[in-house]
Structures are given as C-alpha cells and as structure tokens.
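Heads up, the thing below is written out as structure tokens.
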Amino acid sequence: MTDAPSAFTTKLASLNGSAQSIETLSHWCIFHRKNARTLAGTWDERLRAAAAKQKLPFLYLASDIVQKSRKKGPEWADALVGYMPDACKHAVEHGDGTTTEKVKKLLRVWGERQCFPGASTESWLDGASDGGGGSTAVAAKVAAPAATSAAPVAKKNKNDLAEVPALSGDNAALAKLLVKMENAERDVAAASERFDADVREDLLDETNVENAEDPVGMLRAVQCCESAIVFKRNAVDTMTETLDALEKKLRAALARVEAARESQSGVNMGKLTQMMIKALKARKKASKRNADFIVRQIASEAGDAPLPEPVDFDDDADNYDPSDAPDEYHPPDESNKRPRR
C-alpha cells in the first residue's frame, strides 16, 4: 500500500489552479481524512517550497477540502487550523497584488461559513505585508470591505438595544480590540485542548523516536505533536499582542475618564439647580407677557371694532326655548301587525 504522505507529495507537485485539479485532489484527501494530521504537515511543507504562483492553489485546495469534508467529520479542519494563519501570511508575502485580494476573499468566506469553528480567521493576516513589500497591515484591508459593504445586521436578542450608534476613533478601536480578545481567548482554549491531547514528553525524546517499533505511527504522532505546539504558540502570541494593545487603549480611556471627571469637578450642582428654577420662572413670565402683547397688537390692528361678547355657558337655563327641543319619540303602531304563527 502506497504511503499516504509520499503519494500526497507527488500529487501536490502536479497541482494547479484549475477546478479539475483542485477538486480531484480534494476528493482524494477527503477519502484519506484519517491521515489528515499527517497530510496537513505535508501540505504546509510543500506550500512553502512551491513557486509563488503555485501557493494560491494550495490555499484553494485546503478551502475545498475543509468545506466538502465537514459532513464527514472535522478531521481536516482540526488538522489544518494550526497551519493556516502562517500559511496565509506566507502566500500573501510571497505573492503579488492579486494574491492578496484572493486570500482576503478566502478569509471572508471561511469566517462567514465557520469553516474553522472557534478560529478568528479575520486576524490571520495581522502584521502581514503584501507581495509588493507594503508595510500596511493586510488585516486592515480584510476588515475594510466588511465594514463598508453594509451596516452590521447582526441578529438581535429581545434584550438588545433597538439602535446601537456607530463608534469612531478611539472608541471604535477599543471595541475592535475587545472583540479580538474574545476571539483570541477561544483560540487559546482550542489550542490548549489540542496541546493536552497531542503533546507528550516521550514524543520530544529523540531516543524514543529512533527506537520506535512503529516508525510510521511515531512520525504521525510527532507531526501531530509539532502541529499542536505551533498552534498553541501562535494562539498565545496573538493573545499577548492583543492584550498589550488592549491595555494601552484602556489606559488611554481611563486617562480620558479622569480628564472628564476633572473638568466637571468644579461644577456646583446646587447652584445649577437654583439657576434652573429661576429660568423656569422667567420663562413663565415671558410667556404671559408675550400673550398680553399679542392681544394688544390684535386690538390695535382691529381699531374701534368691538370685541365679541364672551359666552356664558353657565346661564343657558334662563334662556331656554322649548321650541328648540326635538320632537318626542313615538313608537310605531303595532296593532295592525299580524301575530306570528
């Protein structure tokens, strides 16, 4: 039986960007999904060794495998998730401008479809620069289309506020960092779980590796161990960077709070209350004077025309005219009606 990693290496050498090439190899990988952890390591090695124009098909292959194998099991998603952040950065940094745009699209698709549950795919390109050597972080470019395409239409629970105003400036940056911290916490938890499952001290001992009775099984175990270590290291690094950035923003926010508190410390609330009462009284007097002014103005414009007499609604009984009363109600004559049978 052909060794799966060796066969995979041969197949990857002939991989190209055509749909037939990608889908054929994807079908083969899904069939061999029980070897996913070993094959994922091979995929990462060959990606880094591939020519610049060949790196994107490797990502397309991973995307096709993960999306089409979800119904069969999480083997491939679990095996690839530890490699994907560095693999995406590597493809972008060694590609051209078109590679950057295509990788951004892949990241959006993976995030929307939850191809890697618990992973914050939008942060996988943090700190990467495009193939042209640009210093602008690609992560900002990834977030931009999602921010400008439409207003966020997240599902709202009945306890949510009806309207949440859009944030800007330091407030928006702080909110993004809080979201990023939540994602990083989930990534660290997933990485720790995988680390505990796949990392053992005996796998790090070269003597045990050399004397293993099952070299193939030992290789797979060591590759899983290495992948778990890389996954946890990346997750912890991301968490550390996020916490450092968040701490700076929180310190700045606290400084703004203290400045605002200082600016209002000299305000006398009792005096403001007294001024509010005086303003209320002044408004009432102004309203009354304004009404009197309008009456006098109307009278001066009318000249000597007499004003209409006021109507006394309480004196109606003295001027009661019986002829104004409505006719009495007379019931119809029912004597001529025939009795019902």
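Simple scheme: letters A, B, ... for chains in structure tokens order, numbers from 1 for residues in each chain, numbers from 1 for ligands in the order shown.
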What are the closest atom pairs, with distances in Å to one decimal, for each residue of stretch 17-121 of chain A lying within 10 Å of stretch 188-201 of chain A, using only C-alpha atoms, rows by chain and rising residue number, as JSON lines?
```
{"residue": "A:Asp78", "atom": "CA", "partner": "A:Arg194", "partner_atom": "CA", "distance": 8.9}
{"residue": "A:Val81", "atom": "CA", "partner": "A:Ala191", "partner_atom": "CA", "distance": 9.8}
{"residue": "A:Gly82", "atom": "CA", "partner": "A:Ala191", "partner_atom": "CA", "distance": 8.3}
{"residue": "A:Pro117", "atom": "CA", "partner": "A:Ala190", "partner_atom": "CA", "distance": 9.5}
{"residue": "A:Gly118", "atom": "CA", "partner": "A:Ala190", "partner_atom": "CA", "distance": 7.4}
{"residue": "A:Ala119", "atom": "CA", "partner": "A:Ala190", "partner_atom": "CA", "distance": 8.5}
```
* Using only C-alpha atoms, which residues sit within 12 Å of stretch 242-249 of chain A once same-chain residues fewer than 3 positions away are excluded, as a PyMOL selection string? -> chain A and resi 123+126+169-185+235-239+252-256
Contacts of A:Thr121 within 9 Å, only C-alpha atoms, excl. fewer than 5 positions in-chain, as JSON, numbers by chain:
{"A": [84, 85, 107, 108, 110, 111, 116]}
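The spacing separating atom CA of A:Glu45 from atom CA of A:Lys71 amounts to 26.9 Å.
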(message) Using only C-alpha atoms, which protein or nucleic acid residues come within 8 Å of A:Cys88? Drop anything in the same chain fewer than 6 positions from it, and give the result as a PyMOL selection string.
(response) chain A and resi 59+103+124-125
Which residues of stretch 49-73 of chain A have any atom within 7 Å of an atom in stretch 16-28 of chain A when counting only C-alpha atoms, and what is the closest pair of atoms for each, with the distance in Å to one decimal? Order the rows by chain and rising number and write it as CSV.
```
residue,atom,partner,partner_atom,distance
A:Gln54,CA,A:Asn16,CA,6.8
A:Pro57,CA,A:Gly17,CA,5.0
A:Leu61,CA,A:Ile22,CA,5.5
A:Asp64,CA,A:Ser26,CA,6.4
A:Ile65,CA,A:Ser26,CA,5.2
```
One decimal place gives the atom CA of A:Arg33-atom CA of A:Gly95 separation as 29.0 Å
